[in-house]
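Peer 1: A single structure is presented below for examination.
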Amino acid sequence: RRSSANLKIRTDASSRFEHGLDPELASAASSRAAFLISKYAGGEVLGGILDEYSKKVERKTLNLSTEKVKNILGVSIEKDEIEEILNRLGFHVVDEKEYFSVKAPTRRMDVSLEEDLVEEIGRVYGYENILETPPVFEVKSPKKNKNIFWKEEIVRIMNGIGYVESYNYSFIDEEIKNIFKEDGLIEMENPVSLQHKYLRKDLRSHLLKNFKSNESDFDKIKIFEIGKVFNKKEEKFDFSAINNIGIGEIKGDIEVIVERLNLPECKYIKEEADDFWKTVAGIFIGEEKIGQFGELSKDILNKLKIDCDLFFFEFDFEKLKNFADSEGEYESISKFPKAVKDLSVIVPEEIEYGQVESRIIDVEKSLLEEIELFDIYRGDGIPNGTKNFGFRIHFRSRDRTLSKEEINKLLEKIISALENEPEWKVRKK
């Protein structure tokens, strides 16, 4: 079959032999041909068979117990009858007391398991002689499949925050390989088409093609995929998402995923951008990097003819599922109202969001419920070489309503802590 596919030649012989033919049929066919020639065409058989048979096919030997026959068919068949049935079908049977040692004819290439022998016995014994009885078996809870469990959980979370799941083939073509400068791809020996030449090693290219296909139909696109990726050592699941809203939006989505999967506290560390990224940050749990997110480079967007800014995140699914916890701790919602305050912080360009967030958290943890980054601004109104982070800070107490004076005092402490950095400037809203 492999030779036929490589040469792209189909013959009668390839059609027959790719499904397997018994090599010992040659002897039987030759004898039959000699008989017919001698009987009907006046030929004379002169002698025996000259056989060039360099490596004889060994007959398969299987062990078969009567208990196995009974368990599968649900009926008790005598040992003598089992032996007789198999002998009639051309099997060589030796009774080893505890089991039968059964050699299959070389022509029976469909027989390779003990269950195959049981099927032959049941067929000859007669299915109509086997009474209908419900099977008896022990019911056990299935072992938890973490891949399936966490994939379904992530899909549920992503759908809940407005993302649509994409399904793509696991192959990429030469064009995508060149655009993304993919190295070390696994190339298919016999691809069904040029679009299926390589196995993908990430989900990026397909998601971007999905975005491009839908760009003209929707103002807002949020898509994700969880699927298999391949490298030369292993195949594994990966998880990636893309949207065209903004870095603050995508970071908020990441924080929802972190919270819903009950992950340990994550930190975000700015990393050096490559050809794929304009800006990028790694997502870490302790010292373990579990993913990254950022804004895509203009070079990639131009090559794909995408006309808007795009924001992307991806997780290592294997690490994500190992850190995730389905037995999360829950606490009741506070019955007291929260207070929300906005702050704008102007910082040098090299300062990362996480550095500012950490400084705010260090001031007051007990009454600080949430910090949102809702905007990053560069341009008119702020000095060159700086950027403006827009924060929305949520305060709430679990045992009382916070007074206006308390909230203002907390806010002043935060502002003071931030402005201890000489190049940081805070603007209240």
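Identifiers for the structure tokens are assigned positionally: chains receive A, B, ... in sequence, residues are indexed from 1 per chain, and ligands are indexed from 1 in the order shown.
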What are the nearest atom pairs, with distances in Å to one decimal, for all residues of region 296-336 of chain A that come at most 12 Å from region 153-175 of chain A, using only C-alpha atoms, set out by chain and rising residue number as CSV?
Peer 2:
residue,atom,partner,partner_atom,distance
A:Lys303,CA,A:Glu175,CA,10.4
A:Leu304,CA,A:Glu175,CA,10.5
A:Phe315,CA,A:Ile154,CA,11.3
A:Phe317,CA,A:Ile154,CA,10.0
A:Leu320,CA,A:Ile154,CA,10.2
A:Lys321,CA,A:Ile154,CA,9.8
A:Ala324,CA,A:Glu153,CA,10.4
A:Asp325,CA,A:Glu153,CA,11.1
A:Ser326,CA,A:Glu153,CA,9.4
Peer 1: Next, the residues of the selection above should be written as an mmCIF file, in the first residue's frame with N, CA, C and O atoms.
Peer 2:
data_model
loop_
_atom_site.group_PDB
_atom_site.id
_atom_site.type_symbol
_atom_site.label_atom_id
_atom_site.label_comp_id
_atom_site.auth_asym_id
_atom_site.auth_seq_id
_atom_site.Cartn_x
_atom_site.Cartn_y
_atom_site.Cartn_z
ATOM 1 N N LYS A 303 1.123 41.277 7.282
ATOM 2 C CA LYS A 303 1.283 40.088 6.439
ATOM 3 C C LYS A 303 -0.037 39.350 6.262
ATOM 4 O O LYS A 303 -0.285 38.743 5.217
ATOM 5 N N LEU A 304 -0.885 39.386 7.307
ATOM 6 C CA LEU A 304 -2.183 38.718 7.238
ATOM 7 C C LEU A 304 -3.289 39.655 6.745
ATOM 8 O O LEU A 304 -4.450 39.263 6.686
ATOM 9 N N PHE A 315 -2.104 29.899 26.982
ATOM 10 C CA PHE A 315 -1.706 29.167 28.175
ATOM 11 C C PHE A 315 -1.133 27.818 27.770
ATOM 12 O O PHE A 315 -1.552 27.222 26.775
ATOM 13 N N PHE A 317 -1.646 24.414 28.405
ATOM 14 C CA PHE A 317 -2.794 23.707 28.976
ATOM 15 C C PHE A 317 -2.364 22.677 30.022
ATOM 16 O O PHE A 317 -3.037 22.496 31.044
ATOM 17 N N LEU A 320 -1.618 24.507 33.149
ATOM 18 C CA LEU A 320 -2.854 25.104 33.655
ATOM 19 C C LEU A 320 -3.684 24.077 34.414
ATOM 20 O O LEU A 320 -4.153 24.327 35.523
ATOM 21 N N LYS A 321 -3.855 22.899 33.834
ATOM 22 C CA LYS A 321 -4.701 21.883 34.477
ATOM 23 C C LYS A 321 -4.040 21.328 35.746
ATOM 24 O O LYS A 321 -4.730 20.913 36.679
ATOM 25 N N ALA A 324 -4.759 24.011 38.379
ATOM 26 C CA ALA A 324 -6.181 24.275 38.617
ATOM 27 C C ALA A 324 -6.720 23.393 39.747
ATOM 28 O O ALA A 324 -6.222 22.293 39.992
ATOM 29 N N ASP A 325 -7.745 23.897 40.409
ATOM 30 C CA ASP A 325 -8.326 23.185 41.557
ATOM 31 C C ASP A 325 -9.843 23.243 41.450
ATOM 32 O O ASP A 325 -10.437 24.323 41.461
ATOM 33 N N SER A 326 -10.471 22.070 41.328
ATOM 34 C CA SER A 326 -11.936 22.030 41.225
ATOM 35 C C SER A 326 -12.601 22.152 42.589
ATOM 36 O O SER A 326 -13.808 22.324 42.690
#
Peer 1: Where does DSSP see strand (DSSP E or B) in region 195-227 of chain A, if you list the residues as a list in words?
Peer 2: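 Here are the strand (DSSP E or B) residues of region 195-227 of chain A: Tyr198, Leu199, Lys222, Ile223, Phe224, Glu225, Ile226 and Gly227 of chain A.
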Peer 1: To one decimal place, how far is CA of Ala33 (chain A) from CA of Ala13 (chain A) in Å?
Peer 2: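 So the two atoms, CA of Ala33 (chain A) and CA of Ala13 (chain A), lie 19.1 Å apart.
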Peer 1: Neighbouring residues of Lys270 (chain A) were defined as those with any atom within 7 Å, considering only C-alpha atoms; residues of the same chain fewer than 5 positions away were excluded. Please report them as a list in words.
Peer 2: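 Listing them by chain and then by number gives Val280, Ala281, Gly282 and Glu352 of chain A.
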Peer 1: Could you take the residues named above and write them with N, CA and C atoms, as a CSV table (one decimal), in the first residue's frame?
Peer 2:
chain,number,residue,atom,x,y,z
A,280,VAL,N,4.6,42.2,25.2
A,280,VAL,CA,4.2,40.9,25.7
A,280,VAL,C,4.6,40.8,27.2
A,281,ALA,N,3.8,40.1,28.0
A,281,ALA,CA,4.1,39.8,29.4
A,281,ALA,C,3.9,38.3,29.6
A,282,GLY,N,4.8,37.7,30.4
A,282,GLY,CA,4.6,36.3,30.8
A,282,GLY,C,3.6,36.2,32.0
A,352,GLU,N,6.1,48.5,34.3
A,352,GLU,CA,5.1,47.5,34.0
A,352,GLU,C,3.9,47.7,34.9
Peer 1: Just want the 12 Å neighbourhood of Lys70 (chain A), counted on only C-alpha atoms, with same-chain residues fewer than 4 positions away dropped. Output as a list in words.
Peer 2: Leu64, Ser65, Thr66, Gly74, Val75, Ser76, Ile77, Glu78, Lys79, Ile82, Glu115, Val118, Glu119, Ile121, Gly122, Ile130 and Pro135 of chain A
Peer 1: Where does DSSP see alpha helix (DSSP H) in region 347-395 of chain A, if you list the residues as a compact mmCIF listing (two decimals) with all heavy atoms, in the first residue's frame?
Peer 2:
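Just written: out37.txt:
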# COMPACT_ATOMS: atom_id res chain seq x y z
N TYR A 353 2.75 47.28 34.36
CA TYR A 353 1.49 47.37 35.09
C TYR A 353 1.58 46.69 36.46
O TYR A 353 1.10 47.20 37.48
CB TYR A 353 0.37 46.72 34.25
CG TYR A 353 -0.79 46.22 35.07
CD1 TYR A 353 -1.76 47.09 35.56
CD2 TYR A 353 -0.90 44.86 35.38
CE1 TYR A 353 -2.80 46.63 36.32
CE2 TYR A 353 -1.95 44.40 36.14
CZ TYR A 353 -2.90 45.28 36.61
OH TYR A 353 -3.94 44.82 37.37
N GLY A 354 2.20 45.49 36.49
CA GLY A 354 2.27 44.73 37.73
C GLY A 354 2.99 45.46 38.85
O GLY A 354 2.66 45.28 40.03
N GLN A 355 3.97 46.29 38.49
CA GLN A 355 4.71 47.04 39.51
C GLN A 355 3.79 48.05 40.21
O GLN A 355 3.84 48.20 41.43
CB GLN A 355 5.89 47.77 38.87
CG GLN A 355 6.97 46.85 38.33
CD GLN A 355 8.02 47.62 37.55
OE1 GLN A 355 7.97 47.69 36.33
NE2 GLN A 355 8.97 48.21 38.26
N VAL A 356 2.94 48.71 39.43
CA VAL A 356 2.02 49.69 40.02
C VAL A 356 0.94 48.98 40.83
O VAL A 356 0.60 49.39 41.95
CB VAL A 356 1.38 50.55 38.91
CG1 VAL A 356 0.49 51.63 39.51
CG2 VAL A 356 2.45 51.18 38.02
N GLU A 357 0.40 47.90 40.28
CA GLU A 357 -0.64 47.15 40.99
C GLU A 357 -0.12 46.64 42.34
O GLU A 357 -0.81 46.73 43.37
CB GLU A 357 -1.10 45.98 40.12
CG GLU A 357 -2.23 45.16 40.76
CD GLU A 357 -2.55 43.93 39.95
OE1 GLU A 357 -1.61 43.15 39.66
OE2 GLU A 357 -3.73 43.72 39.63
N SER A 358 1.09 46.10 42.35
CA SER A 358 1.66 45.58 43.60
C SER A 358 1.80 46.67 44.66
O SER A 358 1.56 46.45 45.84
CB SER A 358 3.04 44.95 43.33
OG SER A 358 2.92 43.87 42.47
N ARG A 359 2.19 47.87 44.21
CA ARG A 359 2.33 48.98 45.15
C ARG A 359 0.99 49.34 45.78
O ARG A 359 0.89 49.62 46.98
CB ARG A 359 2.93 50.19 44.43
CG ARG A 359 3.31 51.35 45.33
CD ARG A 359 4.45 50.97 46.27
NE ARG A 359 5.62 50.53 45.55
CZ ARG A 359 6.55 51.35 45.07
NH1 ARG A 359 6.44 52.66 45.27
NH2 ARG A 359 7.60 50.88 44.42
N ILE A 360 -0.09 49.31 44.99
CA ILE A 360 -1.43 49.60 45.51
C ILE A 360 -1.86 48.53 46.51
O ILE A 360 -2.38 48.84 47.59
CB ILE A 360 -2.45 49.69 44.35
CG1 ILE A 360 -2.10 50.88 43.44
CG2 ILE A 360 -3.86 49.84 44.88
CD1 ILE A 360 -2.93 50.92 42.15
N ILE A 361 -1.63 47.26 46.16
CA ILE A 361 -2.04 46.15 47.03
C ILE A 361 -1.31 46.21 48.37
O ILE A 361 -1.87 45.93 49.43
CB ILE A 361 -1.80 44.80 46.33
CG1 ILE A 361 -2.76 44.65 45.13
CG2 ILE A 361 -2.00 43.63 47.29
CD1 ILE A 361 -2.47 43.46 44.24
N ASP A 362 -0.02 46.57 48.33
CA ASP A 362 0.77 46.60 49.56
C ASP A 362 0.25 47.62 50.57
O ASP A 362 0.45 47.48 51.78
CB ASP A 362 2.24 46.92 49.23
CG ASP A 362 2.92 45.75 48.53
OD1 ASP A 362 2.39 44.63 48.63
OD2 ASP A 362 3.97 45.98 47.88
N VAL A 363 -0.44 48.65 50.09
CA VAL A 363 -0.94 49.69 50.99
C VAL A 363 -2.08 49.16 51.85
O VAL A 363 -2.14 49.39 53.06
CB VAL A 363 -1.40 50.92 50.17
CG1 VAL A 363 -2.10 51.93 51.09
CG2 VAL A 363 -0.21 51.58 49.48
Peer 1: Residues within 12 Å of Val340 (chain A), please, as a list in words. Count only C-alpha atoms; anything in the same chain fewer than 2 positions from it doesn't count.
Peer 2: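 Surrounding residues, per the criterion: Pro337, Lys338, Asp342, Leu343, Leu367, Leu368, Glu369, Glu370, Ile371, Glu372, Phe391, Arg392, Ile393, His394, Phe395, Arg396, Leu402, Lys404, Ile407, Asn408, Leu410, Leu411 and Lys429 of chain A.
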Peer 1: Would you pick out the contacts of Glu235 (chain A) at 12 Å or less, using only C-alpha atoms, so that residues sharing its chain but fewer than 6 positions from it are not included, and give the list as a list of chain:residue names?
Peer 2: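 Residues near the query, excluding close chain neighbours: A:Ser170, A:Ile186, A:Leu199, A:Arg200, A:Lys201, A:Asp202, A:Gly227, A:Lys228, A:Val229, A:Phe317, A:Glu318.
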Peer 1: So which one's closest to Lys222 (chain A), A:Glu120, A:Asp275, A:Glu249, A:Asp238? Using only C-alpha atoms, please.
Peer 2: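 Of A:Glu120, A:Asp275, A:Glu249, A:Asp238, the one nearest Lys222 (chain A) is A:Glu249, counting only C-alpha atoms.
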Peer 1: Using only C-alpha atoms, which protein or nucleic acid residues come within 12 Å of Glu52 (chain A)? Drop anything in the same chain fewer than 2 positions from it, and give the result as a list in words.
Peer 2: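 The neighbour list is Pro23, Glu24, Ala26, Ser27, Ile49, Leu50, Ser54, Lys55 and Lys56 of chain A.
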